[in-house]
Structure formats: C-alpha cells, structure tokens
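input.cif (mmCIF, C-alpha atoms) appears below.
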```
data_my_file
#
loop_
_atom_site.label_atom_id
_atom_site.label_comp_id
_atom_site.auth_asym_id
_atom_site.auth_seq_id
_atom_site.Cartn_x
_atom_site.Cartn_y
_atom_site.Cartn_z
CA MET Z 20 154.45 47.06 72.44
CA THR Z 21 158.08 45.98 72.74
CA TYR Z 22 160.85 46.22 75.26
CA ARG Z 23 162.81 49.02 73.63
CA ASP Z 24 165.80 49.14 75.99
CA ILE Z 25 167.37 45.77 76.86
CA LEU Z 26 170.51 45.21 78.93
CA LEU Z 27 172.69 42.14 78.44
CA PRO Z 28 175.75 41.74 80.69
CA LEU Z 29 178.67 39.90 79.09
CA PHE Z 30 180.58 38.31 81.94
CA THR Z 31 184.30 37.93 81.37
CA TYR Z 32 185.90 37.19 84.76
CA PRO Z 33 186.70 34.78 86.22
CA ASP Z 34 184.79 32.96 83.49
CA THR Z 35 183.68 34.21 80.09
CA LEU Z 36 180.02 33.98 79.10
CA PRO Z 37 179.75 30.97 76.75
CA GLU Z 38 178.88 31.55 73.11
CA ALA Z 39 175.83 29.30 73.50
CA ALA Z 40 174.49 31.65 76.18
CA MET Z 41 175.02 34.66 73.91
CA ARG Z 42 173.10 32.93 71.13
CA THR Z 43 170.24 32.13 73.49
CA ALA Z 44 170.25 35.75 74.65
CA ALA Z 45 170.01 36.86 71.01
CA SER Z 46 166.99 34.62 70.46
CA ILE Z 47 165.30 35.97 73.58
CA ALA Z 48 166.13 39.57 72.64
CA ALA Z 49 164.51 39.02 69.24
CA ARG Z 50 161.33 37.83 70.98
CA LEU Z 51 161.40 40.95 73.15
CA GLY Z 52 161.50 43.21 70.12
CA ALA Z 53 165.20 43.89 69.51
CA ALA Z 54 164.79 43.05 65.82
CA ALA Z 55 162.05 45.68 65.55
CA GLU Z 56 161.81 48.79 67.74
CA GLY Z 57 163.99 47.63 70.63
CA GLU Z 58 167.75 47.74 71.15
CA VAL Z 59 170.15 45.60 73.16
CA THR Z 60 173.05 47.13 75.05
CA ALA Z 61 175.62 44.36 75.48
CA MET Z 62 177.80 45.42 78.40
CA ALA Z 63 181.14 43.61 78.44
CA LEU Z 64 182.52 43.79 81.97
CA GLU Z 65 186.22 44.64 82.01
CA VAL Z 66 187.21 43.62 85.52
CA ARG Z 67 190.04 45.58 87.09
CA ILE Z 68 191.98 44.07 89.98
CA LYS Z 69 193.66 46.44 92.42
CA PRO Z 70 197.41 46.14 93.07
CA ALA Z 71 198.54 44.50 96.29
CA ARG Z 72 198.75 46.63 99.43
CA ASN Z 73 201.31 44.39 101.13
CA ARG Z 74 204.69 45.64 99.91
CA LEU Z 75 206.55 42.62 101.29
CA ALA Z 76 204.23 40.15 99.58
CA ASN Z 77 204.62 42.12 96.38
CA LEU Z 78 208.42 42.00 96.59
CA LEU Z 79 208.48 38.28 97.33
CA ALA Z 80 205.83 37.12 94.88
CA GLY Z 81 205.74 39.86 92.25
CA ILE Z 82 202.01 40.30 92.81
CA ASP Z 83 201.84 43.68 91.08
CA GLU Z 84 203.17 42.16 87.89
CA LEU Z 85 200.68 39.30 88.09
CA VAL Z 86 197.87 41.80 88.58
CA ARG Z 87 199.09 43.85 85.62
CA GLN Z 88 199.09 40.74 83.41
CA GLU Z 89 195.62 39.69 84.58
CA ASN Z 90 194.18 43.16 83.99
CA ALA Z 91 195.66 43.21 80.49
CA ALA Z 92 194.04 39.82 79.84
CA ASN Z 93 190.73 41.16 81.16
CA VAL Z 94 190.83 44.01 78.66
CA GLN Z 95 191.21 41.48 75.85
CA ARG Z 96 188.44 39.25 77.22
CA ALA Z 97 186.00 42.16 77.27
CA LEU Z 98 186.90 43.20 73.73
CA THR Z 99 186.60 39.62 72.47
CA ALA Z 100 183.20 39.15 74.16
CA GLY Z 101 181.92 42.37 72.64
CA LEU Z 102 183.06 41.40 69.15
CA LEU Z 103 181.49 37.95 69.43
CA TRP Z 104 178.18 39.46 70.53
CA LYS Z 105 178.32 41.95 67.66
CA GLU Z 106 178.68 39.05 65.21
CA ILE Z 107 175.81 37.10 66.78
CA ALA Z 108 173.53 40.15 66.91
CA SER Z 109 174.26 40.87 63.26
CA GLU Z 110 173.32 37.32 62.29
CA ARG Z 111 169.94 37.78 64.02
CA ALA Z 112 169.45 41.30 62.60
CA LEU Z 113 169.15 42.76 66.10
CA ASN Z 114 169.41 46.42 66.90
CA SER Z 115 172.38 46.34 69.23
CA ARG Z 116 175.37 48.18 70.55
CA SER Z 117 178.33 46.92 72.56
CA VAL Z 118 180.03 48.81 75.35
CA VAL Z 119 183.00 47.92 77.53
CA GLN Z 120 182.35 48.74 81.18
CA PRO Z 121 185.40 48.91 83.47
CA VAL Z 122 184.46 47.59 86.90
CA GLU Z 123 186.44 46.79 90.03
CA LEU Z 124 186.56 43.15 91.08
CA TYR Z 125 183.55 42.18 93.26
CA CYS Z 126 181.64 45.31 92.21
CA GLU Z 127 180.01 43.81 89.10
CA ALA Z 128 176.60 43.23 90.72
CA GLY Z 129 176.24 46.80 91.93
CA VAL Z 130 177.33 48.29 88.60
CA LEU Z 131 174.82 46.16 86.68
CA ALA Z 132 171.98 46.85 89.11
CA GLU Z 133 172.56 50.58 88.63
CA ALA Z 134 172.72 50.22 84.84
CA ALA Z 135 169.51 48.16 84.81
CA ARG Z 136 167.55 50.95 86.51
CA THR Z 137 167.41 52.86 83.25
CA ARG Z 138 166.56 49.85 81.06
CA ASP Z 139 163.27 48.08 80.40
CA ILE Z 140 164.64 44.64 81.20
CA CYS Z 141 167.92 42.83 81.89
CA LEU Z 142 168.81 39.39 80.47
CA ILE Z 143 171.07 37.18 82.59
CA SER Z 144 172.16 33.63 81.87
CA VAL Z 145 172.61 31.28 84.82
CA GLY Z 146 174.67 28.14 84.76
CA PRO Z 147 177.63 26.24 86.13
CA ARG Z 148 180.35 27.81 83.99
CA VAL Z 149 179.99 31.45 85.08
CA GLU Z 150 180.76 31.85 88.76
CA ILE Z 151 179.10 35.20 89.52
CA ASP Z 152 175.92 35.00 87.46
CA ARG Z 153 173.53 33.97 90.25
CA SER Z 154 174.66 36.69 92.65
CA VAL Z 155 174.44 39.27 89.88
CA ALA Z 156 170.93 38.14 88.91
CA GLU Z 157 169.86 38.43 92.53
CA SER Z 158 171.38 41.90 92.87
CA VAL Z 159 169.75 43.20 89.68
CA LEU Z 160 166.38 41.68 90.58
CA PHE Z 161 166.22 43.22 94.05
CA GLY Z 162 168.30 46.33 93.43
CA SER Z 163 167.23 47.72 90.07
CA GLY Z 164 163.45 48.01 90.31
CA ARG Z 165 163.25 46.53 86.81
CA PRO Z 166 162.41 43.02 85.56
CA VAL Z 167 165.05 40.39 84.95
CA LEU Z 168 164.77 37.51 82.50
CA VAL Z 169 167.04 34.65 83.53
CA PHE Z 170 167.77 31.67 81.31
CA PRO Z 171 170.05 28.61 81.42
CA GLU Z 172 173.44 29.29 79.85
CA ASP Z 173 173.29 26.04 77.88
CA GLY Z 174 169.61 26.28 76.92
CA ASP Z 175 168.20 26.72 73.43
CA VAL Z 176 164.94 28.62 73.09
CA GLY Z 177 164.82 28.46 69.29
CA GLN Z 178 164.18 31.33 66.93
CA ALA Z 179 160.43 31.87 67.27
CA ALA Z 180 159.05 35.39 67.00
CA THR Z 181 157.45 35.36 70.45
CA PHE Z 182 157.06 33.29 73.60
CA GLU Z 183 153.99 31.37 72.50
CA ARG Z 184 152.99 29.60 75.72
CA VAL Z 185 153.37 31.55 78.95
CA VAL Z 186 152.61 30.48 82.50
CA VAL Z 187 152.10 33.20 85.12
CA ALA Z 188 152.71 32.01 88.68
CA TRP Z 189 150.08 33.72 90.82
CA ASP Z 190 149.89 33.82 94.61
CA GLY Z 191 148.30 37.24 94.98
CA SER Z 192 151.49 38.84 96.29
CA ARG Z 193 152.81 42.30 95.49
CA SER Z 194 155.77 40.89 93.58
CA ALA Z 195 153.50 38.62 91.52
CA SER Z 196 151.37 41.65 90.66
CA ARG Z 197 154.47 43.57 89.61
CA ALA Z 198 155.61 40.69 87.40
CA LEU Z 199 152.16 40.47 85.79
CA ALA Z 200 152.26 44.16 84.85
CA ASP Z 201 155.88 44.12 83.67
CA ALA Z 202 155.30 41.07 81.47
CA LEU Z 203 152.15 42.40 79.82
CA PRO Z 204 153.83 43.07 76.43
CA LEU Z 205 154.85 39.40 76.27
CA LEU Z 206 151.43 38.19 77.38
CA LYS Z 207 149.78 40.19 74.60
CA GLN Z 208 151.96 38.43 72.01
CA ALA Z 209 151.50 34.91 73.38
CA THR Z 210 149.13 32.43 71.81
CA GLU Z 211 148.36 30.79 75.17
CA VAL Z 212 148.50 32.22 78.70
CA ARG Z 213 147.82 30.16 81.80
CA ILE Z 214 147.52 31.49 85.35
CA LEU Z 215 149.02 28.96 87.76
CA THR Z 216 148.27 28.91 91.48
CA VAL Z 217 149.95 26.30 93.65
CA VAL Z 218 147.48 25.52 96.42
CA ASN Z 219 148.10 23.84 99.78
CA GLU Z 220 151.61 25.27 99.80
CA LYS Z 221 150.99 28.51 101.70
CA ALA Z 222 147.88 30.00 103.23
CA SER Z 223 147.72 33.04 100.95
CA ALA Z 224 147.49 30.98 97.74
CA THR Z 225 143.93 29.74 97.52
CA ALA Z 226 141.65 28.21 94.91
CA GLY Z 227 139.86 30.73 92.71
CA MET Z 228 142.30 33.59 93.19
CA GLY Z 229 143.37 33.47 89.54
CA GLU Z 230 139.95 34.71 88.39
CA GLY Z 231 140.87 38.32 89.07
CA VAL Z 232 143.97 37.97 86.90
CA VAL Z 233 141.91 36.53 84.05
CA ARG Z 234 139.48 39.46 84.29
CA HIS Z 235 142.31 42.01 84.34
CA LEU Z 236 144.11 40.48 81.36
CA ALA Z 237 140.88 40.35 79.38
CA ARG Z 238 140.67 44.13 79.68
CA HIS Z 239 144.04 44.21 77.89
CA GLY Z 240 142.97 41.84 75.15
CA VAL Z 241 144.68 38.78 76.64
CA LYS Z 242 142.66 35.58 76.98
CA ALA Z 243 143.96 33.44 79.84
CA GLY Z 244 143.04 30.18 81.50
CA ILE Z 245 143.48 29.00 85.07
CA ASP Z 246 145.44 26.05 86.44
CA GLU Z 247 145.39 25.11 90.12
CA VAL Z 248 147.93 22.52 91.19
CA ALA Z 249 148.23 21.02 94.66
CA ALA Z 250 151.68 21.11 96.19
CA ALA Z 251 151.16 17.60 97.57
CA GLY Z 252 154.20 17.88 99.79
CA ARG Z 253 156.49 19.11 97.01
CA SER Z 254 158.49 22.31 97.17
CA ILE Z 255 157.12 25.29 95.26
CA GLY Z 256 160.19 25.20 93.01
CA THR Z 257 159.58 21.57 92.08
CA VAL Z 258 155.91 22.21 91.30
CA LEU Z 259 156.71 25.18 89.06
CA GLU Z 260 159.50 23.33 87.27
CA THR Z 261 157.33 20.29 86.57
CA HIS Z 262 154.33 22.28 85.40
CA VAL Z 263 156.20 24.79 83.26
CA THR Z 264 158.44 22.20 81.60
CA ALA Z 265 155.33 20.44 80.32
CA ASN Z 266 153.18 23.45 79.53
CA ALA Z 267 155.14 26.59 78.62
CA ASP Z 268 158.21 28.17 77.07
CA LEU Z 269 158.24 31.07 79.57
CA LEU Z 270 157.48 31.38 83.27
CA VAL Z 271 156.46 34.76 84.70
CA MET Z 272 156.72 35.11 88.47
CA GLY Z 273 157.40 37.54 91.26
CA GLY Z 274 160.82 37.45 92.86
CA PHE Z 275 160.58 37.30 96.64
CA GLY Z 276 163.28 37.97 99.20
CA HIS Z 277 163.65 39.67 102.55
CA SER Z 278 166.44 40.82 104.80
CA ARG Z 279 167.11 39.16 108.14
CA ALA Z 280 170.00 40.54 110.18
CA ARG Z 281 172.95 40.67 107.77
CA ASP Z 282 171.66 38.07 105.33
CA PHE Z 283 169.28 38.38 102.40
CA LEU Z 284 166.98 35.39 102.27
CA LEU Z 285 165.28 34.30 99.06
CA GLY Z 286 161.85 32.76 98.84
CA GLY Z 287 161.78 29.08 97.90
CA ALA Z 288 160.58 29.58 94.33
CA THR Z 289 163.00 32.45 93.68
CA GLN Z 290 165.92 30.50 95.08
CA SER Z 291 165.06 27.50 92.90
CA VAL Z 292 164.86 29.59 89.74
CA LEU Z 293 168.06 31.52 90.36
CA HIS Z 294 169.96 28.36 91.27
CA GLN Z 295 169.14 26.40 88.14
CA PRO Z 296 166.47 27.67 85.72
CA ARG Z 297 165.14 24.99 83.37
CA GLY Z 298 164.05 27.57 80.80
CA PRO Z 299 163.48 31.31 80.48
CA VAL Z 300 161.98 32.90 83.60
CA PHE Z 301 160.69 36.48 83.76
CA LEU Z 302 161.13 37.87 87.28
CA SER Z 303 160.05 41.14 88.91
CA HIS Z 304 160.24 42.35 92.49
#
```

Since I need it in another form, could you write the structure as structure tokens?
Amino acid sequence: MTYRDILLPLFTYPDTLPEAAMRTAASIAARLGAAAEGEVTAMALEVRIKPARNRLANLLAGIDELVRQENAANVQRALTAGLLWKEIASERALNSRSVVQPVELYCEAGVLAEAARTRDICLISVGPRVEIDRSVAESVLFGSGRPVLVFPEDGDVGQAATFERVVVAWDGSRSASRALADALPLLKQATEVRILTVVNEKASATAGMGEGVVRHLARHGVKAGIDEVAAAGRSIGTVLETHVTANADLLVMGGFGHSRARDFLLGGATQSVLHQPRGPVFLSH
C-alpha cells in the first residue's frame, strides 16, 4: 500500500523554499510511493498582495506601484519554484505534477488546509529560512483531517526505499490512535518498529500500555517491540528527540492542541516538533 496522493506546498513569499528542502521532500515522497503508484502535487504559492486602501499614502509613497512590482516578482518566484521541483522530481523518477496556486497574502494556511483535505498526506518542511512554514503546518495538521509529515528544511534523509526504523509515540490518546492508523502503510514497510511510551510524564501514559498496539499491529503483519522511557524531569519533546535521534529515521505521533479563548494551544510534544523537528515526523490529529 502506498500514499497515492501527496501534497507538497512550495513556499515562495516572503521566503522561497530552499532547494535542499525540495530535495529532501523528493526523497521522502519516494519512500511514500511517489516513484511507484503515488503522485506528488507540488503547489507553488503565488502570493498576491492587495493594493493600498489609503489614497493619500498611495499618492505620497507610490504604494500601488510597489505592490504591482512585488506581485510581478511573486509570479516569477512561483514559476521558478515549480520548474525547480519539476527538475528534482524528474531526477528521482517521481510521478509528479506542478501547479501554481494564486493566494492572497496571509491566506496561505487556509488554502493549503483545504487542499490537503483531498490528499492522503501533506509534506511540509520546517526551518529558520521560511517564515510561515510552522503556522502552515499547524493549520494543515488541525484543519485538514489528514496526516502531515514535517521535516527539517536543511535535513537529508538519504535515498532509501522506505523508512526502515520507525518509532511510534504512544500515550493511548485519540490522536495517537489516529496517527497509528494513518501511518500503517509505512509501518508495514519498515524493518523495525518500536512503540515508545514516556512514563512518569502524565498520568494517562502508563507502563504496559504499548502491548495493545503490538497486538493490533501483529494482526496487520507488523512485528513491533516496546520501549518505556521515564521522563525523569525532562520535557516530553526532549525525551522524544533524544530517543528518536538514536533509534529511528521516522517518528510517528499524534498532534495535540486545544482552543482556549481566542488562542490555540499546542501540546508540549507537538509544539516541540513543529518548532524544530530533528528529522521526519509523521503527525495526525
């Protein structure tokens, strides 16, 4: 089983997605099946800035002309990003198509969340050079109903056929269960799967709770082992980062967040991953 319908946003404003991130995305897409039965839709975001509403400011500063010039540059950025992706995808023999998606400034997250609802998975790089990537990843994760695979924009996952060593973070939550089900195609291809429970971090995560996951995966032909690691005063994000860096090339976990008043608050592990992923992380909500 493969992920047949993969979405890859190509950010272009205010910063363009680095070539290194596109190459990492191509390697990940190949592992998801885009060189076989799957297909990647690379969506280059052509950001459109609205003209100024203040006529006096426009007369004094020529804002409309500046906006026109910036919008023209954005058209070129989107075309250039699409052409670069097409070249990279061809090198990796991926099934791919590129589309240019016009989008109003500050509306990128909503447009991508909507587009992701009719895809199997969305790939989003996160790093210091693209300003909007974290907010977009959050919006797609919680707004699309589909899994998101985030990865560092300057990371290099290599050109292996699959994710060979996978760690599934398990705390018994609904989002962890959703991630387990959504990641099943990858778990079936892996050579090693470990179920990780961080104990003494929250009351719901207890020793022995990974046994049900092992039983369930066995019914799907996946042999998995159990790891239980004590938090020992460390944050959940630190524990996951340390364990996964040493033991896996992919982390599967549920994305947790909840609304409080006007703010959307992320769980500690989700916030850590979306802020600075150390490697590929498969998230579902």

Give me the result of the PyMOL selection byres ((chain Z and resi 123) around 12) on this file, residue by residue, as a list in words.
Tyr32, Leu64, Glu65, Val66, Arg67, Ile68, Lys69, Pro70, Asn90, Asn93, Gln120, Pro121, Val122, Leu124, Tyr125, Cys126, Glu127, Ala128, Gly129 and Val130 of chain Z

Enumerate, as a VMD selection string, the residues matched when the PyMOL selection byres ((chain Z and resi 108) around 12) is run on the file above.
chain Z and resid 27 38 41 to 49 53 to 54 58 to 61 101 to 107 109 to 117

Please return as a PyMOL selection string every residue within 9 Å of (172.3, 37.6, 85.9), taking into account only C-alpha atoms and the file's own coordinates.
chain Z and resi 27-28+128+131+141-145+151-160+167-170+293

Which residue of Z:Ala40, Z:Arg87, Z:Gly164, Z:Arg96 approaches Arg148 of chain Z most closely, using all atoms listed in the file
Z:Ala40

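The closest residue to Phe275 of chain Z, picked from Z:Ile255, Z:Val212, Z:Ala195, Z:Leu29 and counting only C-alpha atoms, is Z:Ala195.
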
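When only C-alpha atoms are used to compute distances to Ile25 of chain Z, the closest of the residues Z:Gly274, Z:Pro37, Z:Gly287, Z:Pro166 turns out to be Z:Pro166.
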
List, as a VMD selection string, every residue that the PyMOL selection byres ((chain Z and resi 220) around 12) selects in the file provided.
chain Z and resid 190 216 to 219 221 to 226 247 to 259 287 to 288

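From atom CA of Ser303 of chain Z back to atom CA of Arg238 of chain Z, the distance works out to 21.7 Å.
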
Using only C-alpha atoms, which protein or nucleic acid residues come within 10 Å of Thr210 of chain Z? Drop anything in the same chain fewer than 6 positions from it, and give the result as a PyMOL selection string.
chain Z and resi 181-185+241-243

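Checking Z:His304, Z:Arg213, Z:Arg165, Z:Arg234 one by one against Ala267 of chain Z, counting only C-alpha atoms, you find the shortest gap at Z:Arg213.
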
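Between atom CA of Val176 of chain Z and atom CA of Asp268 of chain Z the interatomic distance comes to 7.8 Å.
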
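Between atom CA of Pro33 of chain Z and atom CA of Val119 of chain Z the interatomic distance comes to 16.2 Å.
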
Z:Val149, Z:Val232, Z:Ala209, Z:Val86: which is nearest Ala179 of chain Z, counting all atoms listed in the file?
Z:Ala209
